[in-house]
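Here is work.cif, consisting of mmCIF, N, CA, C and O atoms:
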data_coords
#
loop_
_atom_site.label_atom_id
_atom_site.label_comp_id
_atom_site.auth_asym_id
_atom_site.auth_seq_id
_atom_site.Cartn_x
_atom_site.Cartn_y
_atom_site.Cartn_z
N MET A 142 -86.14 -15.20 -6.44
CA MET A 142 -86.78 -14.07 -7.06
C MET A 142 -87.65 -14.52 -8.24
O MET A 142 -88.74 -14.00 -8.42
N VAL A 143 -87.15 -15.47 -9.02
CA VAL A 143 -87.89 -15.94 -10.18
C VAL A 143 -89.23 -16.53 -9.75
O VAL A 143 -90.28 -16.24 -10.34
N VAL A 144 -89.22 -17.34 -8.71
CA VAL A 144 -90.45 -17.98 -8.24
C VAL A 144 -91.45 -16.93 -7.77
O VAL A 144 -92.66 -17.10 -7.96
N SER A 145 -90.99 -15.85 -7.20
CA SER A 145 -91.89 -14.78 -6.74
C SER A 145 -92.49 -13.99 -7.90
O SER A 145 -93.61 -13.51 -7.80
N LEU A 146 -91.74 -13.82 -8.98
CA LEU A 146 -92.19 -12.97 -10.09
C LEU A 146 -92.89 -13.73 -11.22
O LEU A 146 -93.66 -13.14 -11.97
N ALA A 147 -92.62 -15.02 -11.35
CA ALA A 147 -93.19 -15.81 -12.46
C ALA A 147 -94.63 -16.22 -12.15
O ALA A 147 -94.99 -16.46 -11.00
N THR A 148 -95.44 -16.30 -13.19
CA THR A 148 -96.82 -16.72 -13.04
C THR A 148 -96.87 -18.17 -12.52
O THR A 148 -95.97 -18.96 -12.79
N ASN A 149 -97.92 -18.48 -11.80
CA ASN A 149 -98.13 -19.84 -11.30
C ASN A 149 -98.95 -20.67 -12.26
O ASN A 149 -99.25 -21.83 -11.97
N ASP A 150 -99.32 -20.10 -13.39
CA ASP A 150 -100.11 -20.80 -14.39
C ASP A 150 -99.33 -22.01 -14.90
O ASP A 150 -98.20 -21.89 -15.36
N GLU A 151 -99.95 -23.17 -14.83
CA GLU A 151 -99.25 -24.41 -15.22
C GLU A 151 -98.95 -24.51 -16.71
O GLU A 151 -98.17 -25.35 -17.14
N ASP A 152 -99.53 -23.63 -17.52
CA ASP A 152 -99.26 -23.64 -18.96
C ASP A 152 -97.95 -22.94 -19.32
O ASP A 152 -97.51 -22.98 -20.46
N TYR A 153 -97.33 -22.26 -18.34
CA TYR A 153 -96.09 -21.55 -18.59
C TYR A 153 -94.94 -22.20 -17.83
O TYR A 153 -95.08 -22.58 -16.68
N LEU A 154 -93.80 -22.28 -18.49
CA LEU A 154 -92.61 -22.86 -17.89
C LEU A 154 -91.60 -21.78 -17.54
O LEU A 154 -91.62 -20.69 -18.11
N ILE A 155 -90.71 -22.12 -16.63
CA ILE A 155 -89.56 -21.27 -16.32
C ILE A 155 -88.33 -21.95 -16.89
O ILE A 155 -88.10 -23.13 -16.61
N ALA A 156 -87.59 -21.24 -17.71
CA ALA A 156 -86.35 -21.79 -18.28
C ALA A 156 -85.16 -21.07 -17.65
O ALA A 156 -85.20 -19.86 -17.45
N GLY A 157 -84.13 -21.82 -17.32
CA GLY A 157 -82.94 -21.23 -16.74
C GLY A 157 -81.68 -21.88 -17.28
O GLY A 157 -81.69 -23.04 -17.64
N ARG A 158 -80.63 -21.08 -17.34
CA ARG A 158 -79.33 -21.62 -17.76
C ARG A 158 -78.21 -20.80 -17.11
O ARG A 158 -78.38 -19.61 -16.81
N GLU A 159 -77.09 -21.45 -16.93
CA GLU A 159 -75.92 -20.78 -16.37
C GLU A 159 -75.32 -19.85 -17.43
O GLU A 159 -75.31 -20.18 -18.61
N VAL A 160 -74.80 -18.74 -16.98
CA VAL A 160 -74.08 -17.83 -17.88
C VAL A 160 -72.71 -18.45 -18.15
O VAL A 160 -72.05 -18.96 -17.23
N ALA A 161 -72.28 -18.45 -19.39
CA ALA A 161 -71.00 -19.05 -19.78
C ALA A 161 -69.84 -18.46 -18.98
O ALA A 161 -69.79 -17.24 -18.77
N PRO A 162 -68.92 -19.31 -18.50
CA PRO A 162 -67.80 -18.84 -17.69
C PRO A 162 -66.98 -17.73 -18.35
O PRO A 162 -66.53 -16.79 -17.67
N GLU A 163 -66.81 -17.78 -19.67
CA GLU A 163 -66.02 -16.74 -20.34
C GLU A 163 -66.74 -15.39 -20.31
O GLU A 163 -66.10 -14.34 -20.26
N LEU A 164 -68.07 -15.38 -20.31
CA LEU A 164 -68.82 -14.13 -20.16
C LEU A 164 -68.76 -13.62 -18.73
O LEU A 164 -68.65 -12.42 -18.49
N LEU A 165 -68.85 -14.56 -17.77
CA LEU A 165 -68.81 -14.15 -16.37
C LEU A 165 -67.53 -13.40 -16.04
O LEU A 165 -67.56 -12.30 -15.50
N SER A 166 -66.40 -13.99 -16.38
CA SER A 166 -65.12 -13.37 -16.03
C SER A 166 -64.73 -12.28 -17.02
O SER A 166 -64.23 -11.23 -16.63
N GLY A 167 -64.97 -12.50 -18.29
CA GLY A 167 -64.49 -11.58 -19.32
C GLY A 167 -65.33 -10.34 -19.50
O GLY A 167 -64.81 -9.27 -19.82
N PHE A 168 -66.63 -10.42 -19.29
CA PHE A 168 -67.46 -9.24 -19.50
C PHE A 168 -68.11 -8.74 -18.22
O PHE A 168 -68.02 -7.56 -17.89
N PHE A 169 -68.77 -9.61 -17.48
CA PHE A 169 -69.52 -9.18 -16.30
C PHE A 169 -68.66 -8.99 -15.06
O PHE A 169 -69.11 -8.42 -14.09
N ASN A 170 -67.43 -9.50 -15.08
CA ASN A 170 -66.55 -9.43 -13.92
C ASN A 170 -67.24 -10.06 -12.71
O ASN A 170 -67.19 -9.54 -11.60
N ALA A 171 -67.94 -11.18 -12.95
CA ALA A 171 -68.73 -11.85 -11.91
C ALA A 171 -68.18 -13.25 -11.65
O ALA A 171 -67.45 -13.81 -12.46
N ASP A 172 -68.54 -13.78 -10.50
CA ASP A 172 -68.13 -15.13 -10.13
C ASP A 172 -69.19 -16.17 -10.45
O ASP A 172 -68.88 -17.35 -10.58
N TRP A 173 -70.44 -15.75 -10.55
CA TRP A 173 -71.54 -16.68 -10.77
C TRP A 173 -72.64 -15.94 -11.52
O TRP A 173 -72.83 -14.74 -11.33
N GLY A 174 -73.38 -16.65 -12.37
CA GLY A 174 -74.49 -16.02 -13.08
C GLY A 174 -75.47 -17.01 -13.63
O GLY A 174 -75.10 -18.12 -14.03
N MET A 175 -76.74 -16.62 -13.62
CA MET A 175 -77.83 -17.41 -14.20
C MET A 175 -78.71 -16.48 -15.02
O MET A 175 -78.85 -15.29 -14.72
N GLN A 176 -79.33 -17.07 -16.03
CA GLN A 176 -80.25 -16.35 -16.90
C GLN A 176 -81.56 -17.14 -16.90
O GLN A 176 -81.56 -18.35 -17.10
N TYR A 177 -82.67 -16.45 -16.65
CA TYR A 177 -83.98 -17.10 -16.60
C TYR A 177 -84.94 -16.42 -17.56
O TYR A 177 -84.87 -15.21 -17.77
N PHE A 178 -85.86 -17.20 -18.11
CA PHE A 178 -86.93 -16.70 -18.97
C PHE A 178 -88.24 -17.20 -18.40
O PHE A 178 -88.37 -18.39 -18.09
N PHE A 179 -89.23 -16.30 -18.27
CA PHE A 179 -90.52 -16.71 -17.71
C PHE A 179 -91.59 -15.70 -18.08
O PHE A 179 -91.32 -14.60 -18.56
N HIS A 180 -92.83 -16.09 -17.81
CA HIS A 180 -93.99 -15.22 -18.00
C HIS A 180 -94.28 -14.58 -16.64
O HIS A 180 -94.53 -15.30 -15.67
N PRO A 181 -94.22 -13.25 -16.53
CA PRO A 181 -94.40 -12.61 -15.22
C PRO A 181 -95.86 -12.63 -14.74
O PRO A 181 -96.79 -12.68 -15.55
N LYS A 182 -96.02 -12.59 -13.43
CA LYS A 182 -97.34 -12.48 -12.83
C LYS A 182 -97.98 -11.17 -13.26
O LYS A 182 -97.30 -10.14 -13.38
N ALA A 183 -99.29 -11.18 -13.42
CA ALA A 183 -100.01 -9.97 -13.83
C ALA A 183 -99.83 -8.84 -12.82
O ALA A 183 -99.76 -7.67 -13.20
N GLY A 184 -99.71 -9.14 -11.55
CA GLY A 184 -99.52 -8.11 -10.53
C GLY A 184 -98.15 -7.48 -10.57
O GLY A 184 -97.93 -6.41 -9.99
N PHE A 185 -97.21 -8.11 -11.26
CA PHE A 185 -95.86 -7.57 -11.38
C PHE A 185 -95.69 -6.75 -12.65
O PHE A 185 -95.08 -5.69 -12.64
N SER A 186 -96.20 -7.27 -13.78
CA SER A 186 -95.98 -6.59 -15.06
C SER A 186 -97.07 -6.94 -16.06
O SER A 186 -97.63 -8.03 -16.04
N ASP A 187 -97.35 -5.99 -16.95
CA ASP A 187 -98.29 -6.23 -18.05
C ASP A 187 -97.58 -6.78 -19.28
O ASP A 187 -98.23 -7.12 -20.27
N TRP A 188 -96.24 -6.81 -19.28
CA TRP A 188 -95.49 -7.36 -20.40
C TRP A 188 -95.68 -8.87 -20.44
O TRP A 188 -95.91 -9.51 -19.42
N ASN A 189 -95.53 -9.47 -21.62
CA ASN A 189 -95.76 -10.91 -21.79
C ASN A 189 -94.61 -11.78 -21.31
O ASN A 189 -94.82 -12.93 -20.93
N HIS A 190 -93.39 -11.26 -21.35
CA HIS A 190 -92.21 -12.08 -21.05
C HIS A 190 -91.23 -11.32 -20.16
O HIS A 190 -91.19 -10.09 -20.18
N CYS A 191 -90.43 -12.10 -19.44
CA CYS A 191 -89.38 -11.50 -18.62
C CYS A 191 -88.11 -12.35 -18.75
O CYS A 191 -88.16 -13.58 -18.73
N GLU A 192 -86.99 -11.67 -18.91
CA GLU A 192 -85.68 -12.30 -18.85
C GLU A 192 -85.01 -11.74 -17.60
O GLU A 192 -84.95 -10.51 -17.43
N LEU A 193 -84.57 -12.60 -16.72
CA LEU A 193 -83.90 -12.15 -15.50
C LEU A 193 -82.46 -12.62 -15.56
O LEU A 193 -82.18 -13.80 -15.77
N LEU A 194 -81.55 -11.69 -15.40
CA LEU A 194 -80.12 -11.99 -15.36
C LEU A 194 -79.67 -11.80 -13.92
O LEU A 194 -79.81 -10.71 -13.36
N ALA A 195 -79.21 -12.87 -13.28
CA ALA A 195 -78.73 -12.82 -11.90
C ALA A 195 -77.22 -13.00 -11.92
O ALA A 195 -76.72 -13.99 -12.47
N LEU A 196 -76.50 -12.03 -11.35
CA LEU A 196 -75.03 -12.06 -11.33
C LEU A 196 -74.54 -11.86 -9.90
O LEU A 196 -75.10 -11.05 -9.16
N HIS A 197 -73.48 -12.58 -9.54
CA HIS A 197 -72.91 -12.46 -8.21
C HIS A 197 -71.41 -12.26 -8.30
O HIS A 197 -70.72 -12.91 -9.08
N LYS A 198 -70.90 -11.35 -7.46
CA LYS A 198 -69.46 -11.10 -7.34
C LYS A 198 -69.12 -11.18 -5.86
O LYS A 198 -69.65 -10.41 -5.05
N ASP A 199 -68.25 -12.15 -5.50
CA ASP A 199 -67.84 -12.30 -4.11
C ASP A 199 -67.29 -10.98 -3.57
O ASP A 199 -66.52 -10.30 -4.24
N GLY A 200 -67.73 -10.62 -2.38
CA GLY A 200 -67.26 -9.40 -1.74
C GLY A 200 -67.96 -8.14 -2.20
O GLY A 200 -67.72 -7.07 -1.65
N GLN A 201 -68.81 -8.24 -3.24
CA GLN A 201 -69.53 -7.06 -3.73
C GLN A 201 -71.04 -7.22 -3.64
O GLN A 201 -71.73 -6.30 -3.27
N GLY A 202 -71.57 -8.37 -4.01
CA GLY A 202 -73.00 -8.57 -3.91
C GLY A 202 -73.59 -9.31 -5.09
O GLY A 202 -72.87 -9.86 -5.93
N THR A 203 -74.91 -9.30 -5.14
CA THR A 203 -75.66 -9.95 -6.20
C THR A 203 -76.55 -8.91 -6.87
O THR A 203 -77.17 -8.08 -6.19
N ALA A 204 -76.60 -8.95 -8.18
CA ALA A 204 -77.43 -8.01 -8.95
C ALA A 204 -78.45 -8.80 -9.77
O ALA A 204 -78.12 -9.87 -10.30
N PHE A 205 -79.66 -8.28 -9.82
CA PHE A 205 -80.72 -8.86 -10.64
C PHE A 205 -81.11 -7.81 -11.68
O PHE A 205 -81.50 -6.70 -11.32
N VAL A 206 -81.00 -8.16 -12.95
CA VAL A 206 -81.38 -7.26 -14.04
C VAL A 206 -82.57 -7.90 -14.73
O VAL A 206 -82.50 -9.05 -15.18
N LEU A 207 -83.68 -7.16 -14.80
CA LEU A 207 -84.90 -7.68 -15.41
C LEU A 207 -85.16 -6.99 -16.74
O LEU A 207 -85.11 -5.76 -16.83
N PHE A 208 -85.44 -7.79 -17.75
CA PHE A 208 -85.79 -7.29 -19.07
C PHE A 208 -87.23 -7.73 -19.34
O PHE A 208 -87.50 -8.93 -19.43
N LEU A 209 -88.15 -6.78 -19.45
CA LEU A 209 -89.55 -7.07 -19.71
C LEU A 209 -89.87 -6.72 -21.15
O LEU A 209 -89.50 -5.64 -21.63
N PHE A 210 -90.58 -7.63 -21.85
CA PHE A 210 -90.85 -7.40 -23.27
C PHE A 210 -92.05 -8.22 -23.73
O PHE A 210 -92.44 -9.19 -23.08
N ASP A 211 -92.62 -7.82 -24.87
CA ASP A 211 -93.70 -8.58 -25.50
C ASP A 211 -93.16 -9.47 -26.61
O ASP A 211 -93.58 -10.59 -26.78
N GLU A 212 -92.22 -8.95 -27.39
CA GLU A 212 -91.62 -9.67 -28.51
C GLU A 212 -90.10 -9.60 -28.41
O GLU A 212 -89.56 -8.53 -28.13
N ALA A 213 -89.43 -10.70 -28.64
CA ALA A 213 -87.96 -10.70 -28.64
C ALA A 213 -87.45 -9.85 -29.80
O ALA A 213 -88.08 -9.80 -30.85
N SER A 214 -86.30 -9.19 -29.59
CA SER A 214 -85.72 -8.36 -30.63
C SER A 214 -84.20 -8.30 -30.47
O SER A 214 -83.67 -8.69 -29.44
N ARG A 215 -83.54 -7.79 -31.48
CA ARG A 215 -82.08 -7.62 -31.43
C ARG A 215 -81.70 -6.67 -30.29
O ARG A 215 -80.72 -6.87 -29.60
N GLU A 216 -82.50 -5.63 -30.09
CA GLU A 216 -82.22 -4.67 -29.03
C GLU A 216 -82.22 -5.35 -27.66
O GLU A 216 -81.43 -5.02 -26.79
N LEU A 217 -83.11 -6.29 -27.48
CA LEU A 217 -83.16 -7.03 -26.22
C LEU A 217 -81.85 -7.77 -26.00
O LEU A 217 -81.28 -7.74 -24.91
N GLY A 218 -81.32 -8.41 -27.03
CA GLY A 218 -80.04 -9.11 -26.92
C GLY A 218 -78.90 -8.17 -26.60
O GLY A 218 -78.00 -8.52 -25.83
N ASN A 219 -78.92 -6.96 -27.14
CA ASN A 219 -77.87 -5.99 -26.85
C ASN A 219 -77.93 -5.51 -25.41
O ASN A 219 -76.91 -5.16 -24.83
N ARG A 220 -79.10 -5.46 -24.83
CA ARG A 220 -79.26 -5.00 -23.45
C ARG A 220 -78.79 -6.03 -22.44
O ARG A 220 -78.63 -5.72 -21.26
N PHE A 221 -78.57 -7.26 -22.87
CA PHE A 221 -78.08 -8.32 -21.98
C PHE A 221 -76.79 -7.87 -21.29
O PHE A 221 -76.52 -8.25 -20.17
N TYR A 222 -76.02 -7.04 -21.93
CA TYR A 222 -74.73 -6.58 -21.40
C TYR A 222 -74.84 -5.23 -20.69
O TYR A 222 -73.93 -4.43 -20.69
N ALA A 223 -75.98 -4.97 -20.07
CA ALA A 223 -76.25 -3.68 -19.44
C ALA A 223 -75.60 -3.51 -18.07
O ALA A 223 -75.61 -2.42 -17.52
N PHE A 224 -75.02 -4.55 -17.52
CA PHE A 224 -74.48 -4.47 -16.16
C PHE A 224 -73.11 -5.14 -16.10
O PHE A 224 -72.88 -6.14 -16.75
N ARG A 225 -72.24 -4.56 -15.28
CA ARG A 225 -70.91 -5.14 -15.06
C ARG A 225 -70.43 -4.76 -13.67
O ARG A 225 -70.57 -3.60 -13.26
N PHE A 226 -69.87 -5.72 -12.94
CA PHE A 226 -69.29 -5.41 -11.64
C PHE A 226 -67.99 -4.66 -11.83
O PHE A 226 -67.28 -4.84 -12.82
N ARG A 227 -67.65 -3.83 -10.84
CA ARG A 227 -66.37 -3.14 -10.83
C ARG A 227 -65.26 -4.14 -10.61
O ARG A 227 -65.51 -5.31 -10.35
N GLY A 228 -64.01 -3.65 -10.65
CA GLY A 228 -62.85 -4.51 -10.44
C GLY A 228 -62.85 -5.17 -9.08
O GLY A 228 -63.86 -5.16 -8.36
N GLU A 229 -61.73 -5.68 -8.65
CA GLU A 229 -61.61 -6.47 -7.42
C GLU A 229 -62.13 -5.77 -6.17
O GLU A 229 -62.84 -6.35 -5.38
N GLY A 230 -61.75 -4.53 -5.94
CA GLY A 230 -62.19 -3.82 -4.75
C GLY A 230 -63.45 -3.03 -5.03
O GLY A 230 -63.69 -2.61 -6.15
N VAL A 231 -64.28 -2.82 -4.03
CA VAL A 231 -65.53 -2.09 -4.22
C VAL A 231 -65.25 -0.68 -4.74
O VAL A 231 -65.96 -0.18 -5.60
N GLY A 232 -64.19 -0.03 -4.27
CA GLY A 232 -63.86 1.32 -4.72
C GLY A 232 -63.11 1.36 -6.04
O GLY A 232 -62.95 2.42 -6.64
N ASP A 233 -62.66 0.21 -6.53
CA ASP A 233 -61.92 0.13 -7.78
C ASP A 233 -62.90 0.24 -8.95
O ASP A 233 -63.82 -0.55 -9.06
N ARG A 234 -62.70 1.18 -9.83
CA ARG A 234 -63.61 1.36 -10.95
C ARG A 234 -63.36 0.36 -12.08
O ARG A 234 -64.17 0.23 -12.96
N GLY A 235 -62.26 -0.36 -12.03
CA GLY A 235 -61.98 -1.37 -13.05
C GLY A 235 -61.79 -0.75 -14.43
O GLY A 235 -61.75 0.46 -14.58
N PRO A 236 -61.71 -1.62 -15.46
CA PRO A 236 -61.48 -1.12 -16.82
C PRO A 236 -62.70 -0.42 -17.40
O PRO A 236 -63.79 -0.60 -17.04
#

Represent the supplied structure as structure tokens.
Amino acid sequence: MVVSLATNDEDYLIAGREVAPELLSGFFNADWGMQYFFHPKAGFSDWNHCELLALHKDGQGTAFVLFLFDEASRELGNRFYAFRFRGEGVGDRGP
């Protein structure tokens, strides 16, 4: 998804990192996660930057959360926690 949404301009880089294991299990209730930062293609967004949070939970699926912005802010950091998988079963609402 990142390769499809990020600009192909050679002056821009794509940065990625794994989500810390304690956040995966303790907050997101996920088995796997990555966080990416990139400059989006003009055809996708007019915003200058994109943060993509990719989370996966076995038996439930994969979620992609996109944060589009021009300037980084504290509010952007607070929105990082905008998604959480439910408990073990799909019908289980969890805590």

Using only C-alpha atoms, which protein or nucleic acid residues come within 8 Å of segment 155-160 of chain A? Drop anything in the same chain fewer than 2 positions from it, and give the result as a ChimeraX atom specification. /A:147,153,162,164-165,173-180

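With distances restricted to only N, CA, C and O atoms, A:Leu196 is the closest residue to Phe169 of chain A from A:Met142, A:Leu154, A:Leu196, A:Val206.
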
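Residues with at least one atom no more than 6 Å from (-90.4, -6.9, -15.5), using only N, CA, C and O atoms, are A:Phe185, A:Ser186, A:His190, A:Cys191, A:Leu207, A:Phe208, A:Leu209.
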
Which of these residues is nearest to His197 of chain A, using only C-alpha atoms: A:Val143, A:Asp172, A:Thr148, A:Ala161? A:Asp172

I'd like to know which residues of chain A are helix (DSSP H, G or I) (by DSSP, run on the backbone); could you write them as a PyMOL selection string? chain A and resi 143-146+162-169+215-220

Considering only strand (DSSP E) as DSSP defines it on the backbone, what residues of chain A qualify? List them as a PyMOL selection string. chain A and resi 156-159+173-179+190-198+202-210

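Note that atom CA of Glu192 of chain A and atom CA of Phe224 of chain A are 13.9 Å apart.
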
Can you sort out the box for segment 182-198 of chain A, edges along x, y and z, all listed atoms in, 4 Å on every side, with centre and edge lengths in Å to one decimal, as JSON?
{"center_x": -84.6, "center_y": -9.8, "center_z": -13.4, "size_x": 38.9, "size_y": 16.3, "size_z": 24.7}

Around (-69.7, -8.8, -12.1), as given in the file, which residues come within 6 Å? Count only C-alpha atoms and list them as a list of chain:residue names. A:Phe169, A:Asn170, A:Ala171, A:Lys198, A:Arg225, A:Phe226

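Ranking A:Asn189, A:Gly184, A:Ser166, A:Glu151 by their shortest atom-to-atom distance to Ala213 of chain A, with only C-alpha atoms included, puts A:Asn189 first.
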